[in-house]
>>> print(open('data10.txt').read())   # compact mmCIF, C-alpha atoms
# COMPACT_ATOMS: atom_id res chain seq x y z
CA MET A 3 118.72 95.95 86.78
CA LEU A 4 115.09 97.06 86.50
CA ILE A 5 113.52 96.87 89.96
CA THR A 6 109.98 95.48 89.86
CA ASN A 7 107.39 93.95 92.18
CA ILE A 8 107.60 92.90 95.79
CA LEU A 9 110.50 90.53 96.27
CA ILE A 10 112.97 92.33 94.04
CA THR A 11 112.32 95.61 95.85
CA ILE A 12 112.88 93.93 99.22
CA LEU A 13 116.06 92.20 98.13
CA ILE A 14 117.61 95.28 96.60
CA SER A 15 116.73 97.35 99.66
CA LEU A 16 118.38 94.81 101.95
CA LEU A 17 121.56 94.29 99.95
CA PRO A 18 124.44 96.50 101.08
CA PRO A 19 125.50 99.11 98.50
CA THR A 20 128.60 97.14 97.53
CA LEU A 21 126.41 94.22 96.48
CA THR A 22 123.77 96.19 94.56
CA TYR A 23 125.29 95.34 91.19
CA THR A 24 127.25 92.27 92.25
CA ILE A 25 125.65 88.83 92.38
CA PRO A 26 126.26 87.29 95.85
CA LYS A 27 128.24 84.06 95.81
CA SER A 28 125.95 82.46 98.37
CA PRO A 29 122.30 81.60 97.62
CA ILE A 30 119.45 83.83 98.77
CA LEU A 31 116.93 82.02 100.96
CA VAL A 32 113.33 83.21 100.68
CA LYS A 33 110.70 82.04 103.13
CA TYR A 34 107.39 82.38 101.29
CA GLY A 35 104.28 82.96 103.38
CA GLY A 36 101.62 85.46 104.34
CA ASN A 37 99.09 87.00 101.94
CA ALA A 38 101.21 86.03 98.94
CA MET A 39 100.14 82.44 99.58
CA THR A 40 96.40 83.09 99.47
CA SER A 41 96.26 85.78 96.78
CA PRO A 42 96.63 84.43 93.22
CA HIS A 43 97.78 87.88 92.07
CA LEU A 44 100.52 88.16 94.71
CA SER A 45 101.54 84.55 94.11
CA SER A 46 101.95 85.32 90.41
CA LEU A 47 104.05 88.39 91.21
CA PHE A 48 106.21 86.32 93.56
CA CYS A 49 106.89 83.75 90.83
CA GLN A 50 107.75 86.54 88.38
CA ASP A 51 110.18 88.01 90.91
CA VAL A 52 111.92 84.68 91.45
CA VAL A 53 112.20 84.20 87.68
CA ARG A 54 113.64 87.69 87.15
CA LEU A 55 116.22 87.31 89.93
CA THR A 56 117.26 83.89 88.67
CA GLU A 57 117.64 85.20 85.12
CA GLU A 58 119.85 87.98 86.54
CA GLY A 59 122.14 85.31 88.01
CA PHE A 60 120.96 85.10 91.62
CA LYS A 61 120.75 81.63 93.18
CA ILE A 62 117.39 81.38 94.93
CA VAL A 63 116.10 78.74 97.35
CA VAL A 64 112.44 78.99 98.36
CA ILE A 65 111.10 77.44 101.56
CA HIS A 66 107.34 77.76 101.89
CA GLY A 67 104.75 77.35 104.57
CA GLY A 68 101.08 76.62 104.03
CA GLY A 69 99.23 77.23 107.28
CA PRO A 70 95.95 78.45 105.74
CA MET A 71 95.90 75.57 103.25
CA ILE A 72 96.68 73.03 105.98
CA THR A 73 93.89 74.39 108.18
CA GLU A 74 91.44 74.33 105.28
CA LEU A 75 92.24 70.70 104.43
CA LEU A 76 92.11 69.66 108.10
CA ASN A 77 88.63 71.18 108.38
CA LYS A 78 87.47 69.45 105.19
CA MET A 79 88.66 66.13 106.59
CA ASN A 80 87.23 66.82 110.08
CA VAL A 81 90.59 66.51 111.80
CA GLU A 82 90.99 68.72 114.86
CA SER A 83 94.08 70.87 115.17
CA CYS A 84 95.37 73.63 117.45
CA PHE A 85 98.51 75.60 118.17
CA ASP A 86 100.78 75.32 121.18
CA ASP A 87 100.88 78.52 123.25
CA LYS A 88 104.45 78.00 124.40
CA THR A 89 106.10 77.45 121.02
CA GLY A 90 103.57 78.94 118.60
CA VAL A 91 103.61 75.84 116.37
CA ARG A 92 100.83 73.50 115.33
CA ILE A 93 100.34 70.43 117.54
CA SER A 94 100.90 67.59 115.08
CA SER A 95 99.45 64.13 115.44
CA PRO A 96 100.37 61.62 112.71
CA ALA A 97 97.02 62.39 111.04
CA VAL A 98 97.72 66.14 111.12
CA VAL A 99 101.20 65.63 109.65
CA SER A 100 99.82 63.45 106.86
CA ILE A 101 97.30 66.12 105.88
CA ALA A 102 99.90 68.86 106.22
CA GLU A 103 102.15 66.98 103.83
CA MET A 104 99.34 66.78 101.27
CA ALA A 105 98.53 70.48 101.55
CA LEU A 106 102.19 71.55 101.40
CA SER A 107 102.78 69.39 98.33
CA THR A 108 100.03 71.27 96.51
CA VAL A 109 101.53 74.62 97.49
CA GLY A 110 104.95 73.54 96.24
CA LYS A 111 103.66 72.18 92.95
CA ASN A 112 101.71 75.39 92.29
CA LEU A 113 104.83 77.47 92.92
CA SER A 114 106.89 75.19 90.71
CA PHE A 115 104.38 75.48 87.88
CA GLY A 116 104.17 79.27 88.25
CA ILE A 117 107.95 79.68 88.10
CA SER A 118 108.27 77.23 85.23
CA ARG A 119 106.14 79.38 82.89
CA SER A 120 109.49 80.82 81.77
CA THR A 121 113.06 79.83 80.99
CA VAL A 122 113.49 79.13 84.72
CA ARG A 123 112.46 75.80 86.23
CA GLY A 124 111.03 75.36 89.71
CA LEU A 125 111.64 72.02 91.43
CA SER A 126 109.21 71.22 94.26
CA LEU A 127 110.48 68.82 96.91
CA SER A 128 109.93 68.16 100.59
CA GLY A 129 112.45 67.74 103.36
CA ARG A 130 111.88 63.99 103.09
CA ASP A 131 113.07 63.89 99.49
CA GLY A 132 116.70 62.86 99.47
CA ARG A 133 116.46 62.99 103.28
CA LEU A 134 117.10 66.72 103.01
CA LEU A 135 115.84 67.69 106.48
CA LYS A 136 116.77 65.24 109.24
CA CYS A 137 114.83 65.80 112.45
CA THR A 138 114.17 64.75 116.02
CA LEU A 139 111.04 65.36 118.08
CA LYS A 140 110.58 68.81 119.55
CA ASP A 141 109.92 68.89 123.32
CA SER A 142 110.22 65.09 123.53
CA GLY A 143 107.01 64.68 121.55
CA ARG A 144 104.86 66.84 123.84
CA ILE A 145 103.36 68.57 120.79
CA GLY A 146 103.24 65.52 118.56
CA ASN A 147 105.43 64.86 115.54
CA VAL A 148 106.84 68.38 115.33
CA GLY A 149 110.41 68.24 114.10
CA VAL A 150 113.56 69.98 115.21
CA VAL A 151 115.94 70.12 112.25
CA LYS A 152 119.24 68.56 113.28
CA SER A 153 120.91 68.51 109.88
CA VAL A 154 120.38 69.80 106.35
CA ASP A 155 121.92 68.07 103.34
CA GLY A 156 123.63 71.14 101.92
CA GLN A 157 125.48 69.08 99.33
CA TYR A 158 122.15 67.94 97.89
CA LEU A 159 120.81 71.51 97.68
CA ASN A 160 124.05 72.84 96.22
CA SER A 161 123.98 70.14 93.55
CA LEU A 162 120.51 71.38 92.55
CA LEU A 163 121.66 74.99 92.60
CA SER A 164 124.51 74.10 90.25
CA ILE A 165 121.95 73.37 87.52
CA PRO A 166 121.43 76.56 85.49
CA ASN A 167 118.10 78.32 86.01
CA LEU A 168 116.81 75.82 88.57
CA VAL A 169 115.04 76.99 91.74
CA PRO A 170 114.61 74.45 94.57
CA ILE A 171 111.25 74.89 96.33
CA VAL A 172 111.25 73.12 99.69
CA SER A 173 108.24 72.20 101.83
CA PRO A 174 108.94 71.83 105.58
CA ILE A 175 108.30 68.12 106.07
CA GLY A 176 111.22 66.18 107.53
CA CYS A 177 112.47 62.65 108.10
CA GLY A 178 114.27 61.00 111.00
CA ILE A 179 118.02 61.00 111.52
CA SER A 180 118.18 57.22 111.28
CA THR A 181 117.10 55.45 108.10
CA SER A 182 115.12 53.10 110.34
CA ASP A 183 113.02 56.00 111.69
CA ASP A 184 109.82 56.09 109.63
CA THR A 185 108.40 59.11 111.48
CA VAL A 186 107.22 61.97 109.28
CA TYR A 187 107.96 65.30 110.96
CA ASN A 188 106.00 68.52 110.59
CA VAL A 189 108.57 71.33 110.68
CA ASN A 190 107.65 74.97 111.15
CA ALA A 191 108.59 76.74 107.91
CA ASP A 192 110.48 79.47 109.77
CA VAL A 193 112.51 76.79 111.56
CA ALA A 194 113.29 75.07 108.26
CA ALA A 195 114.25 78.40 106.68
CA GLY A 196 116.70 79.19 109.46
CA ALA A 197 118.30 75.75 109.26
CA ILE A 198 118.69 75.82 105.48
CA ALA A 199 120.03 79.39 105.46
CA SER A 200 122.59 78.47 108.11
CA GLU A 201 123.73 75.35 106.23
CA LEU A 202 124.05 77.20 102.92
CA ARG A 203 125.72 80.19 104.64
CA CYS A 204 123.26 82.55 103.00
CA ASP A 205 124.29 86.20 103.25
CA LEU A 206 120.68 87.20 102.78
CA THR A 207 117.51 85.55 104.09
CA VAL A 208 114.10 87.10 103.40
CA PHE A 209 110.93 86.23 105.33
CA LEU A 210 107.81 87.18 103.33
CA THR A 211 104.79 87.46 105.62
CA ASP A 212 101.62 89.50 106.15
CA VAL A 213 102.72 90.40 109.69
CA PRO A 214 104.13 93.97 109.89
CA GLY A 215 106.87 92.88 112.30
CA VAL A 216 107.58 92.67 116.01
CA MET A 217 105.48 95.30 117.79
CA ASP A 218 106.02 96.95 121.15
CA SER A 219 103.39 97.48 123.86
CA ASP A 220 102.08 100.52 121.94
CA MET A 221 101.60 98.38 118.82
CA GLU A 222 104.41 100.18 117.01
CA VAL A 223 106.73 98.15 114.79
CA ILE A 224 110.23 97.75 116.24
CA ASP A 225 112.62 98.57 113.40
CA GLU A 226 115.69 96.77 114.76
CA LEU A 227 116.31 94.03 117.33
CA ASP A 228 119.44 92.31 118.58
CA VAL A 229 119.60 88.85 120.18
CA GLU A 230 119.37 90.21 123.71
CA GLY A 231 116.38 92.32 122.73
CA VAL A 232 114.60 89.27 121.36
CA LYS A 233 115.17 87.31 124.57
CA ARG A 234 113.91 90.20 126.69
CA LEU A 235 110.74 90.64 124.61
CA GLU A 236 110.05 86.90 124.74
CA GLU A 237 110.32 86.96 128.54
CA GLU A 238 107.99 89.96 128.67
CA GLY A 239 105.45 88.18 126.45
CA VAL A 240 105.71 90.81 123.70
CA ILE A 241 107.04 88.22 121.25
CA LYS A 242 104.59 85.34 121.38
CA GLY A 243 102.65 82.81 119.30
CA GLY A 244 103.66 82.47 115.67
CA MET A 245 106.17 85.31 115.99
CA ILE A 246 108.38 83.15 118.26
CA PRO A 247 109.70 80.79 115.54
CA LYS A 248 110.04 83.72 113.11
CA VAL A 249 112.42 85.76 115.25
CA GLU A 250 114.30 82.76 116.66
CA ASN A 251 115.01 81.39 113.24
CA ALA A 252 115.83 84.77 111.77
CA ILE A 253 118.59 84.76 114.40
CA SER A 254 119.78 81.25 113.51
CA ALA A 255 119.77 82.13 109.79
>>> encode(input="data10.txt", output="structure tokens")
Amino acid sequence: MLITNILITILISLLPPTLTYTIPKSPILVKYGGNAMTSPHLSSLFCQDVVRLTEEGFKIVVIHGGGPMITELLNKMNVESCFDDKTGVRISSPAVVSIAEMALSTVGKNLSFGISRSTVRGLSLSGRDGRLLKCTLKDSGRIGNVGVVKSVDGQYLNSLLSIPNLVPIVSPIGCGISTSDDTVYNVNADVAAGAIASELRCDLTVFLTDVPGVMDSDMEVIDELDVEGVKRLEEEGVIKGGMIPKVENAISA
């Protein structure tokens, strides 16, 4: 396989040697975020990578965020928004969630179109479509309509993955557990990625971001962390803000 661009290099470097030339049976979950979201050039490279991997026989599921786009649209519509210090997620009133859903839909459609400039087809959907991501309120609603994913419809995703050359592209907007619950939930993309990867039993989950990684008190990247190390660094305040959901859901994945 010719190794090109960002994602392919990361995937090949992470796969154990025995899997280098063997297609994994389980899907690969890619959380798409960081500079690749705001740079048209990097976004194009990402789509090319997904196409190439899919053509090679890998099953890819993309879960994307959209923080910069959400913030931009909130500002345009004069809706105030802030992040919760304790959890690192956006406090989400119904108005904020509605705007987030609009912004995330645009991100998903752009990814779908970019991937579909080939023999591969991208299918953009949200966690509300097919009731894919069923949620309850995080912290009893203290931070608004932020969702905790309680179940993922793996059968639905696997049915999509069974279609040749189709890549599901999921935006992190969820629905309630009960069909009578009309609440629309804003789900942190890292949380959604961890839940989907766990349900699909992904052997490999990749988080694409512009953050170098978890850093120690000397601002040096920590190469490896175990679960106990994560807990300790959270207690010490080293892991904080938006890094909290990233590491916690990397563990759950």
>>> atom_distance(input="data10.txt", atom1="atom CA of Thr108 of chain A", atom2="atom CA of Met79 of chain A")
16.0 Å
>>> closest_residue(input="data10.txt", among="A:Val150, A:Ile145, A:Val208, A:Leu159", to="Gly90 of chain A", atoms="all atoms listed in the file")
A:Ile145
>>> closest_residue(input="data10.txt", among="A:Cys49, A:Ser142, A:Gly116, A:Pro174", to="Met104 of chain A", atoms="only C-alpha atoms")
A:Pro174
>>> closest_atom_pairs(input="data10.txt", of="segment 109-153 of chain A", to="segment 59-65 of chain A", cutoff="12 Å", atoms="only C-alpha atoms", output="Markdown table")
| residue | atom | partner | partner_atom | distance |
| --- | --- | --- | --- | --- |
| A:Val109 | CA | A:Ile65 | CA | 10.8 |
| A:Gly110 | CA | A:Ile65 | CA | 9.0 |
| A:Leu113 | CA | A:Val64 | CA | 9.5 |
| A:Ser114 | CA | A:Val64 | CA | 10.2 |
| A:Ile117 | CA | A:Val64 | CA | 11.2 |
| A:Val122 | CA | A:Gly59 | CA | 11.1 |
| A:Arg123 | CA | A:Ile62 | CA | 11.5 |
| A:Gly124 | CA | A:Val64 | CA | 9.5 |
| A:Leu125 | CA | A:Val64 | CA | 9.9 |
| A:Ser126 | CA | A:Val64 | CA | 9.4 |
| A:Leu127 | CA | A:Ile65 | CA | 9.8 |
| A:Ser128 | CA | A:Ile65 | CA | 9.4 |
| A:Gly129 | CA | A:Ile65 | CA | 10.0 |
| A:Leu135 | CA | A:Ile65 | CA | 11.9 |
>>> write_last_selection(input="data10.txt", atoms="C-alpha atoms", output="compact mmCIF listing (two decimals), keeping the file's coordinate frame")
# COMPACT_ATOMS: atom_id res chain seq x y z
CA VAL A 109 101.53 74.62 97.49
CA GLY A 110 104.95 73.54 96.24
CA LEU A 113 104.83 77.47 92.92
CA SER A 114 106.89 75.19 90.71
CA ILE A 117 107.95 79.68 88.10
CA VAL A 122 113.49 79.13 84.72
CA ARG A 123 112.46 75.80 86.23
CA GLY A 124 111.03 75.36 89.71
CA LEU A 125 111.64 72.02 91.43
CA SER A 126 109.21 71.22 94.26
CA LEU A 127 110.48 68.82 96.91
CA SER A 128 109.93 68.16 100.59
CA GLY A 129 112.45 67.74 103.36
CA LEU A 135 115.84 67.69 106.48
>>> closest_residue(input="data10.txt", among="A:Leu202, A:Thr211, A:Asp86, A:Thr40", to="Arg144 of chain A", atoms="all atoms listed in the file")
A:Asp86
>>> atom_distance(input="data10.txt", atom1="atom CA of Ile101 of chain A", atom2="atom CA of Thr73 of chain A")
9.2 Å
>>> closest_residue(input="data10.txt", among="A:Lys78, A:Cys204, A:Ile175, A:Lys140", to="Gly156 of chain A", atoms="only C-alpha atoms")
A:Cys204
>>> atom_distance(input="data10.txt", atom1="atom CA of Tyr34 of chain A", atom2="atom CA of Leu55 of chain A")
15.2 Å
>>> closest_residue(input="data10.txt", among="A:Arg203, A:Lys88, A:Glu103, A:Asp192", to="Ile72 of chain A", atoms="all atoms listed in the file")
A:Glu103
